[in-house]
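Data file: data.txt. Format and content: compact mmCIF, C-alpha atoms and all ligand atoms.
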# COMPACT_ATOMS: atom_id res chain seq x y z
CA MET A 1 -5.38 0.26 1.08
CA HIS A 2 -3.03 1.74 3.65
CA LEU A 3 0.56 0.75 4.38
CA GLN A 4 0.57 0.62 8.18
CA ARG A 5 4.03 -0.59 8.98
CA ILE A 6 7.22 -1.60 7.20
CA GLN A 7 9.99 -3.61 8.83
CA VAL A 8 13.25 -4.28 7.04
CA PRO A 9 15.87 -5.98 9.22
CA ASP A 10 18.78 -5.86 6.79
CA PHE A 11 18.62 -5.08 3.10
CA ARG A 12 21.45 -3.21 1.38
CA VAL A 13 21.84 0.08 3.30
CA LEU A 14 18.64 -0.47 5.33
CA LYS A 15 19.25 -1.80 8.86
CA ASP A 16 16.58 -2.40 11.52
CA VAL A 17 14.03 -0.24 9.74
CA ASP A 18 10.67 -0.24 11.53
CA ILE A 19 8.33 2.57 10.49
CA ILE A 20 4.67 2.96 11.38
CA PHE A 21 2.37 5.02 9.15
CA GLU A 22 -0.62 5.62 11.42
CA LYS A 23 -3.89 4.95 9.64
CA GLU A 24 -5.71 7.54 11.79
CA PHE A 25 -3.47 10.41 10.68
CA GLU A 26 -5.05 13.09 8.55
CA PRO A 27 -4.04 13.69 5.86
CA PRO A 28 -2.46 10.28 5.20
CA ILE A 29 0.63 11.92 3.74
CA PHE A 30 3.96 10.94 5.27
CA PRO A 31 7.26 12.60 4.41
CA LEU A 32 10.21 10.19 4.68
CA GLY A 33 13.54 11.78 5.54
CA SER A 34 17.15 10.76 5.96
CA LEU A 35 20.60 11.99 5.08
CA ASN A 36 21.80 11.43 1.52
CA GLY A 37 22.41 7.71 1.13
CA GLY A 38 20.21 6.91 4.15
CA GLY A 39 18.10 4.48 2.12
CA LYS A 40 14.90 6.35 1.21
CA SER A 41 14.98 5.37 -2.46
CA THR A 42 16.02 1.81 -1.58
CA LEU A 43 13.05 1.52 0.78
CA LEU A 44 10.48 2.94 -1.67
CA GLN A 45 11.73 0.67 -4.47
CA LEU A 46 11.72 -2.37 -2.19
CA ILE A 47 8.12 -1.74 -1.09
CA PHE A 48 6.99 -1.02 -4.64
CA ILE A 49 8.62 -4.04 -6.25
CA LEU A 50 7.54 -6.48 -3.52
CA LEU A 51 3.93 -5.32 -3.60
CA HIS A 52 3.61 -4.55 -7.31
CA CYS A 53 5.59 -7.40 -8.88
CA SER A 54 5.46 -10.47 -6.61
CA ILE A 55 2.39 -12.00 -8.14
CA LYS A 56 2.83 -11.33 -11.85
CA PRO A 57 5.15 -13.65 -13.82
CA GLU A 58 5.89 -10.95 -16.41
CA GLN A 59 7.22 -8.63 -13.67
CA ILE A 60 9.16 -11.13 -11.58
CA GLU A 61 12.45 -10.23 -13.32
CA PHE A 62 12.36 -6.85 -11.53
CA LEU A 63 12.09 -8.56 -8.15
CA LYS A 64 14.93 -10.93 -9.02
CA ASN A 65 17.12 -7.97 -9.98
CA LEU A 66 16.38 -6.25 -6.69
CA LEU A 67 17.16 -9.42 -4.72
CA GLN A 68 20.58 -9.88 -6.25
CA GLY A 69 23.13 -9.95 -3.45
CA PHE A 70 20.53 -10.75 -0.78
CA LYS A 71 22.42 -13.66 0.73
CA ILE A 72 21.31 -16.05 3.43
CA ARG A 73 24.03 -16.55 5.98
CA GLU A 74 25.43 -20.03 6.41
CA ASP A 75 24.11 -20.39 9.95
CA GLU A 76 20.55 -19.35 8.96
CA ASP A 77 17.62 -21.41 7.67
CA LYS A 78 16.00 -18.29 6.27
CA ARG A 79 16.40 -14.54 6.10
CA VAL A 80 13.58 -12.05 6.48
CA LEU A 81 13.56 -9.48 3.69
CA ALA A 82 10.58 -7.34 4.73
CA ILE A 83 7.45 -7.48 6.83
CA ILE A 84 4.69 -5.25 5.51
CA ASP A 85 1.41 -4.53 7.34
CA ILE A 86 -1.49 -3.46 5.13
CA TRP A 87 -4.77 -2.09 6.47
CA HIS A 88 -7.49 -3.42 4.19
CA SER A 89 -11.23 -4.04 4.68
CA GLU A 90 -11.08 -3.01 8.35
CA LYS A 91 -8.25 -5.35 9.32
CA THR A 92 -4.50 -5.61 9.31
CA ILE A 93 -2.94 -8.08 6.91
CA GLN A 94 0.72 -8.85 7.52
CA ILE A 95 2.91 -10.00 4.65
CA ASN A 96 6.26 -11.51 5.52
CA PHE A 97 8.71 -11.92 2.63
CA SER A 98 11.59 -14.26 3.50
CA SER A 99 14.32 -16.00 1.57
CA TYR A 100 15.25 -19.65 2.05
CA PRO A 101 18.32 -21.42 0.70
CA TYR A 102 17.44 -23.92 -1.99
CA PHE A 103 19.37 -26.61 -0.09
CA TYR A 104 17.26 -26.12 3.01
CA PHE A 105 14.11 -27.02 1.06
CA LYS A 106 15.70 -29.83 -0.81
CA HIS A 107 16.85 -31.39 2.43
CA LEU A 108 13.57 -30.75 4.23
CA LEU A 109 11.43 -32.10 1.42
CA ASN A 110 13.67 -35.08 0.85
CA GLU A 111 13.19 -36.00 4.48
CA LYS A 112 9.48 -35.45 4.36
CA TYR A 113 8.73 -37.18 1.09
CA GLN A 114 11.81 -39.37 0.77
CA ASN A 115 12.40 -38.29 -2.77
CA SER A 116 11.32 -34.74 -3.45
CA GLN A 117 10.92 -33.47 -6.97
CA LEU A 118 12.35 -30.04 -6.32
CA ASN A 119 14.73 -29.80 -9.21
CA LEU A 120 16.38 -26.77 -10.56
CA LYS A 121 15.99 -26.21 -14.26
CA TYR A 122 19.01 -24.85 -16.03
CA ASN A 123 18.26 -22.28 -18.67
CA ASP A 124 20.88 -20.72 -20.88
CA ASP A 125 22.34 -18.42 -18.32
CA TYR A 126 20.30 -18.61 -15.18
CA ILE A 127 18.64 -21.14 -12.97
CA SER A 128 14.96 -21.09 -12.34
CA ILE A 129 12.37 -23.20 -10.65
CA ARG A 130 9.38 -22.24 -12.73
CA GLN A 131 6.16 -22.12 -10.79
CA ASP A 132 4.51 -24.71 -12.99
CA GLU A 133 7.44 -27.04 -12.39
CA ILE A 134 6.99 -27.08 -8.66
CA SER A 135 5.58 -30.44 -7.88
CA GLN A 136 2.18 -30.74 -6.28
CA LYS A 137 3.85 -32.12 -3.19
CA ILE A 138 5.90 -29.02 -2.75
CA GLU A 139 2.95 -26.79 -3.41
CA SER A 140 0.83 -28.61 -0.87
CA TYR A 141 3.72 -28.38 1.59
CA PHE A 142 3.87 -24.61 1.09
CA THR A 143 0.10 -24.35 1.51
CA SER A 144 0.12 -26.42 4.71
CA GLU A 145 2.77 -24.07 6.10
CA GLY A 146 0.81 -21.00 4.96
CA LEU A 147 3.52 -20.06 2.48
CA LEU A 148 3.24 -18.69 -1.02
CA TYR A 149 6.00 -19.25 -3.58
CA ILE A 150 7.14 -15.95 -5.09
CA CYS A 151 10.32 -16.71 -7.04
CA ASP A 152 13.73 -18.24 -6.97
CA TYR A 153 16.86 -16.24 -7.56
CA LYS A 154 20.63 -16.36 -7.54
CA GLN A 155 22.06 -15.01 -4.32
CA THR A 156 25.26 -13.96 -5.99
CA GLU A 157 26.77 -13.54 -9.41
CA GLU A 158 29.99 -15.21 -8.29
CA LEU A 159 30.72 -18.50 -9.98
CA TYR A 160 30.43 -21.61 -7.87
CA ASN A 161 31.12 -25.17 -8.92
CA ASN A 162 27.59 -26.11 -8.12
CA GLU A 163 24.96 -23.55 -9.10
CA GLU A 164 22.55 -24.99 -6.57
CA GLU A 165 24.71 -23.45 -3.86
CA THR A 166 23.76 -19.95 -4.92
CA ALA A 167 20.07 -20.56 -5.44
CA ALA A 168 17.48 -19.21 -3.01
CA ILE A 169 13.71 -19.16 -2.89
CA LEU A 170 11.61 -16.15 -1.89
CA LEU A 171 8.40 -17.10 -0.13
CA CYS A 172 5.76 -15.04 1.55
CA HIS A 173 3.65 -15.76 4.57
CA ILE A 174 0.45 -13.80 5.03
CA ASP A 175 -1.26 -13.32 8.40
CA GLY A 176 -4.79 -11.99 8.66
CA ILE A 177 -6.35 -13.83 5.70
CA ASP A 178 -6.65 -17.44 4.68
CA ILE A 179 -3.85 -18.78 2.46
CA THR A 180 -6.45 -19.61 -0.22
CA GLU A 181 -7.26 -15.88 -0.50
CA ALA A 182 -3.63 -14.78 -0.39
CA GLU A 183 -3.00 -14.81 -4.12
CA TYR A 184 -6.14 -12.82 -4.87
CA PHE A 185 -5.26 -10.31 -2.16
CA LEU A 186 -1.74 -9.82 -3.57
CA GLN A 187 -3.20 -9.36 -7.04
CA GLU A 188 -5.56 -6.64 -5.82
CA LEU A 189 -2.79 -5.03 -3.81
CA SER A 190 -0.43 -4.98 -6.78
CA LYS A 191 -2.92 -2.79 -8.70
CA GLN A 192 -3.03 -0.32 -5.82
CA VAL A 193 0.67 0.41 -5.37
CA PHE A 194 2.43 3.16 -7.33
CA LEU A 195 5.93 4.59 -7.48
CA ALA A 196 6.86 7.94 -8.96
CA ALA A 197 10.54 8.81 -9.22
CA PRO A 198 12.78 10.98 -11.37
CA ALA A 199 14.15 9.16 -14.41
CA THR A 200 17.65 10.34 -13.53
CA GLN A 201 18.05 8.09 -10.49
CA VAL A 202 19.44 4.57 -10.44
CA PHE A 203 16.78 1.90 -10.16
CA LEU A 204 17.63 -1.26 -8.24
CA PHE A 205 14.96 -3.23 -10.08
CA LEU A 206 16.88 -2.94 -13.36
CA SER A 207 19.54 -5.58 -13.89
CA GLN A 208 23.04 -4.85 -12.69
CA GLU A 209 24.41 -4.98 -16.26
CA CYS A 210 21.81 -2.45 -17.30
CA ARG A 211 22.60 -0.10 -14.38
CA LYS A 212 26.29 -0.27 -15.24
CA LEU A 213 25.55 1.12 -18.73
CA LEU A 214 24.67 4.46 -17.10
CA PHE A 215 28.27 4.94 -16.06
CA ARG A 216 29.89 4.05 -19.36
CA LYS A 217 30.34 5.94 -22.59
CA GLU A 218 27.56 7.89 -24.21
CA ASN A 219 26.13 5.28 -26.59
CA ASP A 220 25.97 2.80 -23.68
CA GLN A 221 23.87 5.34 -21.84
CA SER A 222 21.40 5.51 -24.68
CA ASN A 223 21.14 1.71 -24.45
CA TYR A 224 20.36 2.16 -20.75
CA TYR A 225 17.42 4.40 -21.64
CA LEU A 226 16.10 1.75 -24.06
CA HIS A 227 16.10 -0.79 -21.20
CA PHE A 228 14.54 1.79 -18.92
CA GLU A 229 11.70 2.46 -21.37
CA GLU A 230 11.08 -1.28 -21.71
CA ALA A 231 10.93 -1.65 -17.91
CA LYS A 232 8.47 1.27 -17.72
CA SER A 233 6.19 -0.41 -20.24
CA LYS A 234 6.10 -3.55 -18.06
CA LEU A 235 5.45 -1.67 -14.82
CA PRO A 236 2.06 0.05 -15.01
CA GLY A 237 2.38 1.38 -11.45
CA PHE A 238 5.67 3.16 -12.17
CA PHE A 239 5.89 6.76 -13.31
CA ALA A 240 8.98 8.84 -14.12
CA TYR A 241 7.50 12.25 -13.55
CA ASP A 242 9.91 14.43 -15.42
CA PHE A 243 7.74 14.59 -18.51
CA VAL A 244 4.11 15.46 -18.92
CA ALA A 245 2.03 12.41 -19.66
CA VAL A 246 0.62 14.02 -22.80
CA GLU A 247 -0.99 10.79 -23.96
CA LEU A 248 -2.96 10.47 -20.73
CA LEU A 249 -4.19 14.02 -21.10
CA ILE A 250 -5.24 13.50 -24.72
CA GLU A 251 -7.14 10.38 -23.64
CA ALA A 252 -8.87 12.39 -20.90
CA PHE A 253 -9.91 15.12 -23.40
CA ILE A 254 -11.24 12.54 -25.85
CA ALA A 255 -13.19 10.74 -23.10
CA ALA A 256 -14.67 14.08 -21.97
CA ARG A 257 -15.64 14.96 -25.57
CA ASP A 258 -17.33 11.58 -25.96
CA ARG A 259 -19.22 11.94 -22.70
CA ASP A 260 -20.42 15.41 -23.72
CA PHE A 261 -21.55 14.11 -27.10
CA ARG A 262 -23.33 11.12 -25.56
CA GLN A 263 -25.16 13.50 -23.25
CA ALA A 264 -26.20 15.59 -26.29
CA ILE A 265 -27.66 12.48 -27.91
CA GLU A 266 -29.49 11.51 -24.75
CA THR A 267 -30.75 14.91 -23.55
CA GLY A 268 -30.34 17.31 -26.47
CA GLU A 269 -27.80 19.35 -24.46
CA TYR A 270 -24.00 18.93 -24.58
CA GLY A 271 -22.41 18.02 -21.25
CA ASN A 272 -19.72 20.16 -19.60
CA ASN A 273 -17.02 17.51 -19.09
CA TYR A 274 -14.65 19.14 -21.60
CA GLN A 275 -15.12 22.54 -19.94
CA ALA A 276 -14.54 20.95 -16.52
CA ILE A 277 -11.12 19.60 -17.63
CA LEU A 278 -10.16 23.03 -19.00
CA ASN A 279 -11.12 24.67 -15.72
CA GLU A 280 -9.28 22.08 -13.60
CA LEU A 281 -6.09 22.39 -15.64
CA LYS A 282 -6.22 26.17 -15.52
CA LEU A 283 -6.13 25.96 -11.73
CA VAL A 284 -3.01 23.76 -11.80
CA LEU A 285 -0.86 26.19 -13.78
CA GLY A 286 -2.44 29.46 -12.67
CA ASN A 287 -1.55 31.86 -15.45
CA LYS A 288 -1.62 29.40 -18.36
CA LYS A 289 -4.61 27.81 -20.03
CA VAL A 290 -4.14 24.21 -21.18
CA ASN A 291 -6.00 22.94 -24.23
CA ILE A 292 -5.89 20.09 -26.67
CA THR A 293 -4.74 20.85 -30.23
CA THR A 294 -7.59 20.85 -32.73
CA ASP A 295 -6.34 17.65 -34.42
CA PHE A 296 -6.26 15.88 -31.02
CA SER A 297 -2.58 15.03 -31.46
CA GLY A 298 -1.07 17.07 -28.64
CA ILE A 299 -1.64 19.75 -26.03
CA SER A 300 -0.86 23.45 -26.06
CA PHE A 301 -0.88 26.28 -23.55
CA THR A 302 -1.92 29.89 -23.93
CA LEU A 303 -0.53 32.70 -21.87
CA ASP A 304 -2.09 36.19 -21.81
CA LYS A 305 0.73 38.67 -21.45
CA ASP A 306 0.43 42.46 -21.85
CA GLY A 307 -2.74 42.10 -23.88
CA GLU A 308 -1.12 39.54 -26.17
CA THR A 309 -1.94 35.82 -26.29
CA ILE A 310 1.16 33.65 -26.57
CA GLU A 311 0.89 30.01 -27.64
CA LEU A 312 3.19 27.56 -25.88
CA TYR A 313 3.81 23.80 -26.02
CA PRO A 314 4.85 21.30 -23.32
CA GLU A 315 8.51 21.74 -24.27
CA ASP A 316 8.22 25.46 -23.47
CA LEU A 317 7.17 24.97 -19.86
CA SER A 318 9.56 25.34 -16.94
CA HIS A 319 10.92 22.29 -15.10
CA GLY A 320 8.72 22.93 -12.05
CA GLU A 321 5.59 23.62 -14.13
CA LEU A 322 6.10 20.41 -16.08
CA LYS A 323 6.56 18.42 -12.91
CA ARG A 324 3.51 19.85 -11.16
CA LEU A 325 1.36 19.30 -14.22
CA SER A 326 2.67 15.77 -14.74
CA ILE A 327 1.94 14.75 -11.13
CA TYR A 328 -1.57 16.15 -11.48
CA ILE A 329 -2.23 14.36 -14.76
CA TRP A 330 -0.80 11.08 -13.48
CA LEU A 331 -2.94 11.04 -10.34
CA LYS A 332 -6.09 12.35 -11.95
CA TYR A 333 -6.24 10.56 -15.27
CA ARG A 334 -4.71 7.21 -14.26
CA ASN A 335 -7.58 7.10 -11.73
CA ILE A 336 -5.21 6.48 -8.83
CA GLU A 337 -7.56 6.08 -5.88
CA ASP A 338 -7.49 4.21 -2.57
CA ALA A 339 -3.87 3.50 -3.39
CA ILE A 340 -0.46 3.49 -1.73
CA VAL A 341 1.48 6.14 -3.64
CA LEU A 342 5.25 6.24 -3.11
CA MET A 343 6.96 9.35 -4.45
CA ASP A 344 10.70 9.91 -4.50
CA GLU A 345 12.32 13.37 -4.56
CA ILE A 346 8.98 15.01 -5.07
CA GLU A 347 10.31 18.49 -4.30
CA ILE A 348 13.00 18.64 -6.99
CA ALA A 349 12.37 21.61 -9.31
CA PHE A 350 9.86 23.22 -6.94
CA HIS A 351 10.25 26.65 -5.37
CA PRO A 352 9.87 26.40 -1.54
CA ASP A 353 6.31 27.76 -1.85
CA TRP A 354 5.39 24.93 -4.20
CA GLN A 355 7.20 22.41 -1.95
CA TYR A 356 4.85 23.50 0.86
CA GLN A 357 1.88 23.69 -1.50
CA ILE A 358 2.29 20.14 -2.90
CA ILE A 359 0.80 18.68 0.30
CA SER A 360 -2.51 20.50 -0.14
CA ASP A 361 -2.35 19.77 -3.88
CA LEU A 362 -2.14 16.01 -3.24
CA LYS A 363 -4.99 16.30 -0.72
CA GLU A 364 -7.10 18.10 -3.26
CA TRP A 365 -6.16 16.20 -6.43
CA ALA A 366 -6.52 12.62 -5.14
CA PRO A 367 -7.57 12.66 -1.48
CA ASN A 368 -8.26 8.95 -0.99
CA ASN A 369 -4.66 7.83 -1.37
CA GLN A 370 -1.91 7.31 1.14
CA TYR A 371 1.29 9.12 0.14
CA ILE A 372 4.82 8.35 1.29
CA LEU A 373 7.14 11.10 0.08
CA ALA A 374 10.91 10.65 0.21
CA THR A 375 12.19 14.18 0.64
CA HIS A 376 14.85 16.59 1.85
CA SER A 377 12.42 19.51 2.02
CA TYR A 378 11.72 21.25 5.34
CA GLU A 379 9.02 23.33 3.63
CA LEU A 380 7.15 20.20 2.60
CA CYS A 381 7.40 18.75 6.15
CA GLN A 382 6.10 22.00 7.63
CA ALA A 383 2.81 21.55 5.80
CA LEU A 384 2.16 18.54 8.09
CA THR A 385 2.52 17.78 11.80
CA PRO A 386 5.92 16.62 13.12
CA SER A 387 4.43 13.16 13.83
CA HIS A 388 3.67 12.72 10.13
CA VAL A 389 7.37 12.93 9.34
CA LYS A 390 9.15 9.56 9.39
CA GLU A 391 12.88 9.11 9.43
CA ILE A 392 15.31 6.41 8.53
CA GLU A 393 17.90 6.61 11.22
CA PRO A 394 21.48 5.84 10.40
CA LYS A 395 22.30 3.15 12.96
CA LEU A 396 25.90 2.79 13.91
CA ILE A 397 26.95 -0.77 13.23
CA LYS A 398 29.49 -1.95 15.78
CA PRO A 399 32.65 -3.56 14.48
CA GLU A 400 32.50 -7.33 15.05
CA SER A 401 35.12 -7.30 17.81
CA GLN A 402 32.76 -5.23 20.01
CA ASN A 403 29.74 -7.49 19.57
N1 LIG B 1 24.66 -3.71 -0.83
C1 LIG B 1 24.71 -2.60 -0.09
N2 LIG B 1 24.93 -2.64 1.23
C2 LIG B 1 24.99 -1.55 1.98
N3 LIG B 1 24.81 -0.30 1.49
C3 LIG B 1 24.60 -0.18 0.19
C4 LIG B 1 24.51 -1.31 -0.67
N4 LIG B 1 24.26 -0.88 -1.91
C5 LIG B 1 24.20 0.47 -1.84
N5 LIG B 1 24.40 0.89 -0.58
C6 LIG B 1 24.38 2.27 -0.11
O1 LIG B 1 23.02 2.70 -0.13
C7 LIG B 1 23.00 4.10 -0.31
C8 LIG B 1 21.95 4.43 -1.37
O2 LIG B 1 20.75 4.50 -0.72
P1 LIG B 1 19.54 5.34 -1.30
O3 LIG B 1 19.78 5.72 -2.70
O4 LIG B 1 18.36 4.55 -0.96
O5 LIG B 1 19.64 6.64 -0.36
P2 LIG B 1 18.67 7.90 -0.31
O6 LIG B 1 18.25 8.08 1.11
O7 LIG B 1 17.61 7.78 -1.33
O8 LIG B 1 19.70 9.05 -0.67
P3 LIG B 1 19.43 10.44 -1.45
O9 LIG B 1 18.76 11.33 -0.47
O10 LIG B 1 20.82 10.89 -1.75
O11 LIG B 1 18.62 10.15 -2.66
C9 LIG B 1 24.36 4.54 -0.76
O12 LIG B 1 24.98 5.25 0.29
C10 LIG B 1 25.07 3.23 -1.04
O13 LIG B 1 26.42 3.33 -0.72
MG MG B 2 17.16 8.81 -3.05
Take the structure in this file and express it as structure tokens.
Amino acid sequence: MHLQRIQVPDFRVLKDVDIIFEKEFEPPIFPLGSLNGGGKSTLLQLIFILLHCSIKPEQIEFLKNLLQGFKIREDEDKRVLAIIDIWHSEKTIQINFSSYPYFYFKHLLNEKYQNSQLNLKYNDDYISIRQDEISQKIESYFTSEGLLYICDYKQTEELYNNEEETAAILLCHIDGIDITEAEYFLQELSKQVFLAAPATQVFLFLSQECRKLLFRKENDQSNYYLHFEEAKSKLPGFFAYDFVAVELLIEAFIAARDRDFRQAIETGEYGNNYQAILNELKLVLGNKKVNITTDFSGISFTLDKDGETIELYPEDLSHGELKRLSIYIWLKYRNIEDAIVLMDEIEIAFHPDWQYQIISDLKEWAPNNQYILATHSYELCQALTPSHVKEIEPKLIKPESQN
């Protein structure tokens, strides 16, 4: 999978974004730059949530959160959210996500079928048109138009007399494959999109109430982290890379041990998978050897210093060491391959040498992925050609009187 092009006409801070990530470029690693507040994180989260969450009912809440405030203007029948081109199986597949006002469909379907069955269901505190409640007529209408229903959402939190006024429907139109294959394609795509970001940033896919907790008193903040952990558990493609994924590493050691033992049963000789992991990890941290504790409950590090061997644990590592190791473990042991990997603020905690080095690390650790790296680091950009570096330009929006 390769993200070839992203177009975002107007979403939050993003205006007229149109970025091409050339599929011929080697390595397929693209730094994404802008001033602070230019929209890098917004763009990565939008791509991730649209591609990772659109097709799975248990993740749709994250998309609805992100869409909050995405209003269709009164003079519009629809509003384009994003157009994403994916290079897959030797062809370009274009996915167009657009929002439609609920009224537009109601009117259109009423005309078409006299009496449409598109009815909003009122839950306790939000409106939803559940997918299984969409009548067959509506579904066949969507199919005939080449459209796929993604979700409905409230355009605004403001109170209106009639809740229908605020309801909108997000649909997607896919060019390049038949509509009957669209759902399967989106399912496959959702497994191949990943986002890594520091836990300390604000995530637009959490609900607004939850995000507000971060800026309140201390015990509210701890509630925020509970919500954040819950969101992480529902988003397998998301990784907050500030902490070493110790569990993943333990799993990798256990799998290597089992493979070695199986080989001993089959051939009489133990395999070298365990040794291979030790050697790989040694290369990541240079002067420290990583090993699993003998009870298989954690990992430890040994450092040879002045003839003495010092034992260390993950909590003893430096911020940069932890981050480098965690990126390595995440890519290697989650088997992230042939994927679109979006990484925000990758350079934080790295010395300029390691900022430069991370490009060859990614190439070496998981070479079959495409990487889009939101960054402020010149050192990182210098490890690639200038054409690899993509920018979100701040466009000056003219005051209305000048239009
Ligand atoms: N609804 C909105 N409409 C327009 N702009 C918005 C909206 N919501 C937030 N913003 C602006 O979007 C910006 C946040 O964008 P984002 O976090 O994506 O930037 P960034 O490029 O990642 O910045 P940094 O480099 O500092 O991390 C802020 O400047 C904020 O004021
Ligand atoms: Mg950012």
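Between atom CA of Ile49 of chain A and atom CA of Ile29 of chain A the separation is 20.5 Å.
Every protein, DNA or RNA residue with an atom at most 12 Å from Lys56 of chain A, where all atoms listed in the file count and chain neighbours fewer than 2 positions away do not, is listed here: A:Ile49, A:Leu50, A:Leu51, A:His52, A:Cys53, A:Ser54, A:Glu58, A:Gln59, A:Ile60, A:Glu61, A:Phe62, A:Leu63, A:Gln131, A:Tyr149, A:Ile150, A:Cys151, A:Glu183, A:Tyr184, A:Leu186, A:Gln187, A:Glu188, A:Leu189, A:Ser190, A:Lys191, A:Lys234, A:Leu235, A:Pro236.
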Taking all atoms listed in the file into account, which residues are within 10 Å of ligand LIG 1 (chain B), as a PyMOL selection string?
-> chain A and resi 10-15+32-46+68-70+201-204+344-345+374-376+391-392
Those selected residues, please, written with C-alpha atoms and delivered as a PDB file, keeping the file's coordinate frame.
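Output file out.pdb follows:
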ATOM      1  CA  ASP A  10      18.780  -5.860   6.790  1.00  0.00           C
ATOM      2  CA  PHE A  11      18.620  -5.080   3.100  1.00  0.00           C
ATOM      3  CA  ARG A  12      21.450  -3.210   1.380  1.00  0.00           C
ATOM      4  CA  VAL A  13      21.840   0.080   3.300  1.00  0.00           C
ATOM      5  CA  LEU A  14      18.640  -0.470   5.330  1.00  0.00           C
ATOM      6  CA  LYS A  15      19.250  -1.800   8.860  1.00  0.00           C
ATOM      7  CA  LEU A  32      10.210  10.190   4.680  1.00  0.00           C
ATOM      8  CA  GLY A  33      13.540  11.780   5.540  1.00  0.00           C
ATOM      9  CA  SER A  34      17.150  10.760   5.960  1.00  0.00           C
ATOM     10  CA  LEU A  35      20.600  11.990   5.080  1.00  0.00           C
ATOM     11  CA  ASN A  36      21.800  11.430   1.520  1.00  0.00           C
ATOM     12  CA  GLY A  37      22.410   7.710   1.130  1.00  0.00           C
ATOM     13  CA  GLY A  38      20.210   6.910   4.150  1.00  0.00           C
ATOM     14  CA  GLY A  39      18.100   4.480   2.120  1.00  0.00           C
ATOM     15  CA  LYS A  40      14.900   6.350   1.210  1.00  0.00           C
ATOM     16  CA  SER A  41      14.980   5.370  -2.460  1.00  0.00           C
ATOM     17  CA  THR A  42      16.020   1.810  -1.580  1.00  0.00           C
ATOM     18  CA  LEU A  43      13.050   1.520   0.780  1.00  0.00           C
ATOM     19  CA  LEU A  44      10.480   2.940  -1.670  1.00  0.00           C
ATOM     20  CA  GLN A  45      11.730   0.670  -4.470  1.00  0.00           C
ATOM     21  CA  LEU A  46      11.720  -2.370  -2.190  1.00  0.00           C
ATOM     22  CA  GLN A  68      20.580  -9.880  -6.250  1.00  0.00           C
ATOM     23  CA  GLY A  69      23.130  -9.950  -3.450  1.00  0.00           C
ATOM     24  CA  PHE A  70      20.530 -10.750  -0.780  1.00  0.00           C
ATOM     25  CA  GLN A 201      18.050   8.090 -10.490  1.00  0.00           C
ATOM     26  CA  VAL A 202      19.440   4.570 -10.440  1.00  0.00           C
ATOM     27  CA  PHE A 203      16.780   1.900 -10.160  1.00  0.00           C
ATOM     28  CA  LEU A 204      17.630  -1.260  -8.240  1.00  0.00           C
ATOM     29  CA  ASP A 344      10.700   9.910  -4.500  1.00  0.00           C
ATOM     30  CA  GLU A 345      12.320  13.370  -4.560  1.00  0.00           C
ATOM     31  CA  ALA A 374      10.910  10.650   0.210  1.00  0.00           C
ATOM     32  CA  THR A 375      12.190  14.180   0.640  1.00  0.00           C
ATOM     33  CA  HIS A 376      14.850  16.590   1.850  1.00  0.00           C
ATOM     34  CA  GLU A 391      12.880   9.110   9.430  1.00  0.00           C
ATOM     35  CA  ILE A 392      15.310   6.410   8.530  1.00  0.00           C
TER      36      ILE A 392
END
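Atom pair atom CA of Ile174 of chain A / atom CA of Gln94 of chain A has a distance of 5.5 Å (rounded to one decimal).
Atom CA of Gln208 of chain A to atom CA of Lys71 of chain A spans 16.1 Å [interatomic distance, one decimal].
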May I have the residues within 10 Å of Leu285 of chain A as an MDAnalysis selection string, using all atoms listed in the file and disregarding those fewer than 3 positions away in the same chain?
-> chainID A and resid 280:282 288:290 301 321:322 324:325
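Proximity to ligand MG 2 (chain B) was assessed for A:Ile340, A:Pro352, A:Ile72, A:Ala199 counting only C-alpha atoms and all ligand atoms; the smallest distance is recorded for A:Ala199.
When only C-alpha atoms and all ligand atoms are used to measure the gap to ligand MG 2 (chain B), the shortest distance among A:Glu364, A:Asp295, A:Glu347, A:Asp353 belongs to A:Glu347.
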From the list A:Leu384, A:Ala349, A:Ala339, A:Ala196, which residue is nearest ligand MG 2 (chain B) when using all atoms listed in the file?
-> A:Ala196
Excluding same-chain residues fewer than 6 positions from Leu380 of chain A, what lies within 8 Å of it counting only C-alpha atoms, as a ChimeraX atom specification?
-> /A:31,347,352,355-359
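Here the question is which of A:Met343, A:Cys172, A:Leu226, A:Leu312 gets nearest to ligand MG 2 (chain B) using only C-alpha atoms and all ligand atoms, and that residue is A:Met343.
Residue neighbourhood of Asp338 of chain A, excluding near-sequence residues (fewer than 4 positions): Met1, Asn368 and Asn369 of chain A, at 7 Å, using all atoms listed in the file.
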Near-segment 99-105 of chain A list (7 Å; only C-alpha atoms; drop same-chain fewer than 5 positions) as a PyMOL selection string = chain A and resi 72+77-81+164+167-171
Please write as a ChimeraX atom specification the list of polymer residues whose atoms come within 10 Å of (-3.4, 9.6, -13.6), counting all atoms listed in the file and keeping to the coordinates of the file.
-> /A:239,245,248-249,252,326-337,366
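Checking A:Ala240, A:His319, A:Arg257, A:Ile346 one by one against ligand MG 2 (chain B), counting all atoms listed in the file, you find the shortest gap at A:Ile346.
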Where's the centre, and what are the edge lengths in Å to one decimal, of a box along x, y and z enclosing all listed atoms of segment 297-310 of chain A padded 4 Å per side, as JSON?
{"center_x": -0.8, "center_y": 28.7, "center_z": -26.5, "size_x": 11.9, "size_y": 35.4, "size_z": 18.0}
May I ask which of the residues A:Thr309, A:Gln192, A:Asn291, A:Gln155 is the closest one to Val341 of chain A, counting all atoms listed in the file?
-> A:Gln192
